[in-house]
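**Student:** Here it is, the structure in full.
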Amino acid sequence: MILRCYRKLAGISQVAMGELLGYDPSYVSLLERRRRTVNDRQGLSHISRVLGVPPHALGLAGDEDADFLAALQFGESTVRLAEIARQAGRAAEAVEELWPLVVRLETRLREGRVDYGMASLLARARATLGTSLGHILPEEQLYLAARWTGRAMRLARHLDEDGFLGHVLRMHGNELRKAGRSGAAIVRLSEAAELSDDEGERGQTFVLLARAAGETGDLEMHDEAAASAERIMDVSGPSGILFNPFTLREVRVRGLLRTGRGVEAAELARSRPGSGEAPAPQWAAIEAVTSAEALSQAGDSVGARVLYSEGLSLAARLGLPHQMQRVARGASEPGLGDVRADALAHLQSSPGTGRRSAHSRDGARSSAFTLVLSSITGAAPDCSLPPAPTHAGNFRTSSFTCPVSSSRTCSRVSSQTDARAAASAGVTPSRTYWTMTAPALVMYSPPAAAQWPPRYFAWV
């Protein structure tokens, strides 16, 4: 099939193809009709070399391909475990686990070396990465989460799986809403509702559609979507962390507030369930902040203080900067100044990182997560800096080409031991980017160490 396609595109005959390859034209004909096959590596390499066909297109796998295929065997499990971690309130861990897999798959895609199964895995990994980032990024960076779910959506449209496309559209719609694009979110969520044939997934979509409609102040759409979700739940029962009474109630409170029905929102907020009924830890924080907003708007500053404090405590423990920002913004009413100050203090202690307190118990995990998040948010080496020498201080480096500018040379720290030696010598991390297999760490010398010019390092 590949030989026939090549010949047709090149506009040559079987005779000319035979002359190129040194084959009899009748043999070329047999190969094109699959009456004969070339199975030996030497023959396949010959065809690849003469015709300029990529080796992988002919089924030739090098050592790199073998390693990649072995890693892919764990890809499905990685995505599933990351999704479980996200739903359990450990979104930072989900990002850490997903990012190396996504980087390798994206590299493969750019090289044109992706089959259907690999494309499907990449779409799922992109979507899960985006929704995980949606938990841990501050408001001003939530567009990055929507960017990843959007990339998942574009890939999913080529996979011809309506159910999966509906799932991705639902995730992308929610991230668009969080990024302030509620109008676009409604479009994606409405499409998802049409594609979903599973009642549980349709119910989840209506919950998110109600939330997006509330953000735009569309009273009629909000009420209709919430009622549709409730009808489906009465028939099919709740499912997942999105489609349950706890979540739907929070969406209703927020929708009532956004559509000018503050009294009804406060009444519903006062009948709130306990945080132990939340389907996931992050939802306990979200619901507490939403109920606090409703009480604050109704003039109940005492009740609002209690719930803002509860939501802030949960958000700080789980590393949810967006919820901390909601507290800081909502607690601007008189009498809540100390709550607002606490929220701002929590945000300042982890600006833009979304680091969780659990990570502080493990310095290596915290450093790794900071590297991953920095790479996702677009930080890259400034290639205007001078290149590093081959040796620096008491730690070893090796030369490699800077991925941002091939005309410059960077340096790679030989081991984590050398990286620690660099850190102890006063060289601290600045920015990060990613290679195919490992994060690259840009390090620089502080001004006090004037004898060391700025240098690049990659943390292997």
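Identifiers in the structure tokens: chain A, B, ... in order shown; residue index from 1 per chain; ligand index from 1 in order shown.
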Could you write out, as an MDAnalysis selection string, all the residues of segment 85-288 of chain A that DSSP marks as helix (DSSP H, G or I)?
**Tutor:** chainID A and resid 85:87 91:110 116:136 139:156 162:178 182:195 199:216 219:236 245:258 262:270 275:277 281:288
**Student:** Hey, what's within 7 Å of Ser236 of chain A if we count only C-alpha atoms and toss same-chain stuff fewer than 3 positions away? As a VMD selection string, please?
**Tutor:** chain A and resid 199 232 to 233
**Student:** Please, could you write that set of residues out with all heavy atoms as a compact mmCIF listing (two decimals), in the first residue's frame?
**Tutor:**
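Below you can see result-v5.txt, which holds the result:
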```txt
# COMPACT_ATOMS: atom_id res chain seq x y z
N GLU A 199 -27.06 8.65 30.23
CA GLU A 199 -27.83 9.58 31.06
C GLU A 199 -26.98 10.24 32.14
O GLU A 199 -27.16 11.42 32.45
CB GLU A 199 -29.01 8.85 31.70
CG GLU A 199 -30.14 8.55 30.73
CD GLU A 199 -30.74 9.80 30.12
OE1 GLU A 199 -31.50 10.50 30.82
OE2 GLU A 199 -30.43 10.08 28.95
N ILE A 232 -33.06 14.00 35.49
CA ILE A 232 -32.24 12.83 35.15
C ILE A 232 -31.76 12.14 36.42
O ILE A 232 -31.75 10.91 36.51
CB ILE A 232 -31.05 13.25 34.27
CG1 ILE A 232 -31.54 13.76 32.92
CG2 ILE A 232 -30.09 12.08 34.07
CD1 ILE A 232 -30.45 14.34 32.04
N MET A 233 -31.39 12.92 37.43
CA MET A 233 -30.92 12.34 38.68
C MET A 233 -32.03 11.57 39.38
O MET A 233 -31.78 10.51 39.98
CB MET A 233 -30.38 13.45 39.60
CG MET A 233 -29.54 12.94 40.77
SD MET A 233 -28.91 14.28 41.82
CE MET A 233 -27.97 15.25 40.63
```
**Student:** Measuring atom to atom with only C-alpha atoms, identify which of A:Ser349, A:Ser313, A:Gln141, A:Ser196 is nearest to Asp162 of chain A.
**Tutor:**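 The answer is A:Ser196, which sits nearest to Asp162 of chain A.
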**Student:** Between A:Gly299, A:Leu169, A:Leu3, A:Leu256, which one has atoms that come closest to Val38 of chain A, using only C-alpha atoms?
**Tutor:**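 Closest residue, counting only C-alpha atoms: A:Leu3.
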**Student:** Residues near Thr149 of chain A, anyone? I mean within 10 Å using only C-alpha atoms, not counting same-chain ones fewer than 2 positions away, as a PyMOL selection string.
**Tutor:** chain A and resi 123-131+133-134+143-147+151-155+168-176
**Student:** Residues within 10 Å of Asn244 of chain A, please, as a short mmCIF file (atom, residue, chain, number, x, y, z; two decimals) with N, CA and C atoms, in the first residue's frame. Count only C-alpha atoms; anything in the same chain fewer than 6 positions from it doesn't count.
**Tutor:**
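Output file result_34.cif follows:
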```cif
data_model
loop_
_atom_site.label_atom_id
_atom_site.label_comp_id
_atom_site.auth_asym_id
_atom_site.auth_seq_id
_atom_site.Cartn_x
_atom_site.Cartn_y
_atom_site.Cartn_z
N GLY A 200 -26.07 9.49 32.71
CA GLY A 200 -25.20 10.08 33.73
C GLY A 200 -24.34 11.19 33.15
N GLY A 203 -26.45 14.20 32.47
CA GLY A 203 -26.73 14.90 33.72
C GLY A 203 -25.56 15.77 34.14
N GLN A 204 -24.33 15.26 34.01
CA GLN A 204 -23.15 16.06 34.33
C GLN A 204 -23.06 17.28 33.43
N VAL A 207 -25.48 19.94 34.56
CA VAL A 207 -24.99 20.62 35.76
C VAL A 207 -24.02 21.74 35.36
N ALA A 229 -31.08 18.46 34.87
CA ALA A 229 -30.16 17.63 35.64
C ALA A 229 -30.89 16.93 36.78
N GLU A 230 -31.77 17.67 37.45
CA GLU A 230 -32.51 17.09 38.58
C GLU A 230 -33.45 15.97 38.11
N MET A 233 -31.39 12.92 37.43
CA MET A 233 -30.92 12.34 38.68
C MET A 233 -32.03 11.57 39.38
N GLY A 237 -30.35 8.32 39.06
CA GLY A 237 -29.51 8.37 40.25
C GLY A 237 -28.25 9.17 40.00
N PRO A 238 -27.59 9.61 41.06
CA PRO A 238 -26.36 10.39 40.92
C PRO A 238 -25.20 9.52 40.42
N ALA A 278 -19.54 16.07 50.73
CA ALA A 278 -18.98 16.48 49.44
C ALA A 278 -18.47 15.26 48.68
N PRO A 279 -18.68 15.22 47.35
CA PRO A 279 -18.24 14.06 46.56
C PRO A 279 -16.73 14.01 46.39
#
```
**Student:** Measure the distance from atom CA of Arg113 of chain A to atom CA of Trp148 of chain A in Å and round it to one decimal.
**Tutor:**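 Distance reported for this atom pair: 20.5 Å.
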**Student:** Which residues come within 12 Å of Ala227 of chain A, counting only C-alpha atoms, excluding same-chain residues fewer than 2 positions away, as JSON, numbers by chain?
**Tutor:** {"A": [203, 206, 207, 209, 210, 220, 221, 222, 223, 224, 225, 229, 230, 231, 232, 233, 234, 248, 249, 251, 252]}
**Student:** Include N, CA, C and O atoms and write out the residues we just selected as a short mmCIF file (atom, residue, chain, number, x, y, z; two decimals), in the first residue's frame.
**Tutor:**
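What landed in out_19.cif:
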```cif
data_model
loop_
_atom_site.label_atom_id
_atom_site.label_comp_id
_atom_site.auth_asym_id
_atom_site.auth_seq_id
_atom_site.Cartn_x
_atom_site.Cartn_y
_atom_site.Cartn_z
N GLY A 203 -26.45 14.20 32.47
CA GLY A 203 -26.73 14.90 33.72
C GLY A 203 -25.56 15.77 34.14
O GLY A 203 -25.75 16.93 34.55
N PHE A 206 -25.54 18.88 31.98
CA PHE A 206 -26.55 19.87 32.36
C PHE A 206 -26.15 20.62 33.63
O PHE A 206 -26.45 21.81 33.78
N VAL A 207 -25.48 19.94 34.56
CA VAL A 207 -24.99 20.62 35.76
C VAL A 207 -24.02 21.74 35.36
O VAL A 207 -24.11 22.88 35.85
N LEU A 209 -23.73 23.11 32.39
CA LEU A 209 -24.41 24.10 31.57
C LEU A 209 -25.17 25.09 32.45
O LEU A 209 -25.20 26.30 32.18
N ALA A 210 -25.79 24.59 33.52
CA ALA A 210 -26.48 25.47 34.46
C ALA A 210 -25.50 26.45 35.10
O ALA A 210 -25.80 27.64 35.27
N GLU A 220 -33.24 31.99 32.58
CA GLU A 220 -34.05 30.93 31.99
C GLU A 220 -33.22 29.69 31.67
O GLU A 220 -33.62 28.57 31.98
N MET A 221 -32.06 29.89 31.04
CA MET A 221 -31.21 28.74 30.69
C MET A 221 -30.70 28.05 31.95
O MET A 221 -30.63 26.82 32.01
N HIS A 222 -30.31 28.84 32.95
CA HIS A 222 -29.83 28.24 34.19
C HIS A 222 -30.89 27.35 34.83
O HIS A 222 -30.61 26.20 35.19
N ASP A 223 -32.09 27.88 34.97
CA ASP A 223 -33.16 27.12 35.62
C ASP A 223 -33.52 25.87 34.81
O ASP A 223 -33.76 24.80 35.37
N GLU A 224 -33.55 26.00 33.50
CA GLU A 224 -33.91 24.87 32.65
C GLU A 224 -32.86 23.77 32.73
O GLU A 224 -33.19 22.59 32.84
N ALA A 225 -31.57 24.16 32.67
CA ALA A 225 -30.50 23.16 32.74
C ALA A 225 -30.46 22.48 34.11
O ALA A 225 -30.29 21.25 34.20
N ALA A 229 -31.08 18.46 34.87
CA ALA A 229 -30.16 17.63 35.64
C ALA A 229 -30.89 16.93 36.78
O ALA A 229 -30.66 15.75 37.06
N GLU A 230 -31.77 17.67 37.45
CA GLU A 230 -32.51 17.09 38.58
C GLU A 230 -33.45 15.97 38.11
O GLU A 230 -33.56 14.94 38.78
N ARG A 231 -34.09 16.15 36.95
CA ARG A 231 -34.99 15.11 36.43
C ARG A 231 -34.21 13.84 36.10
O ARG A 231 -34.64 12.73 36.43
N ILE A 232 -33.06 14.00 35.49
CA ILE A 232 -32.24 12.83 35.15
C ILE A 232 -31.76 12.14 36.42
O ILE A 232 -31.75 10.91 36.51
N MET A 233 -31.39 12.92 37.43
CA MET A 233 -30.92 12.34 38.68
C MET A 233 -32.03 11.57 39.38
O MET A 233 -31.78 10.51 39.98
N ASP A 234 -33.26 12.06 39.31
CA ASP A 234 -34.39 11.36 39.93
C ASP A 234 -34.62 10.00 39.28
O ASP A 234 -35.01 9.04 39.95
N LEU A 248 -25.08 19.82 42.60
CA LEU A 248 -26.19 20.53 41.98
C LEU A 248 -26.67 21.67 42.88
O LEU A 248 -27.02 22.75 42.40
N ARG A 249 -26.68 21.43 44.19
CA ARG A 249 -27.10 22.48 45.12
C ARG A 249 -26.13 23.68 45.05
O ARG A 249 -26.57 24.83 45.05
N VAL A 251 -24.34 24.59 42.51
CA VAL A 251 -24.58 25.26 41.23
C VAL A 251 -25.83 26.13 41.31
O VAL A 251 -25.87 27.24 40.77
N ARG A 252 -26.85 25.64 41.99
CA ARG A 252 -28.08 26.42 42.14
C ARG A 252 -27.82 27.69 42.96
O ARG A 252 -28.31 28.78 42.62
#
```
**Student:** Taking into account only C-alpha atoms, which residue in the set A:Val339, A:Ala88, A:Leu208, A:Leu105 is nearest to Ala192 of chain A?
**Tutor:**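 Comparing A:Val339, A:Ala88, A:Leu208, A:Leu105 against Ala192 of chain A, the winner is A:Leu208.
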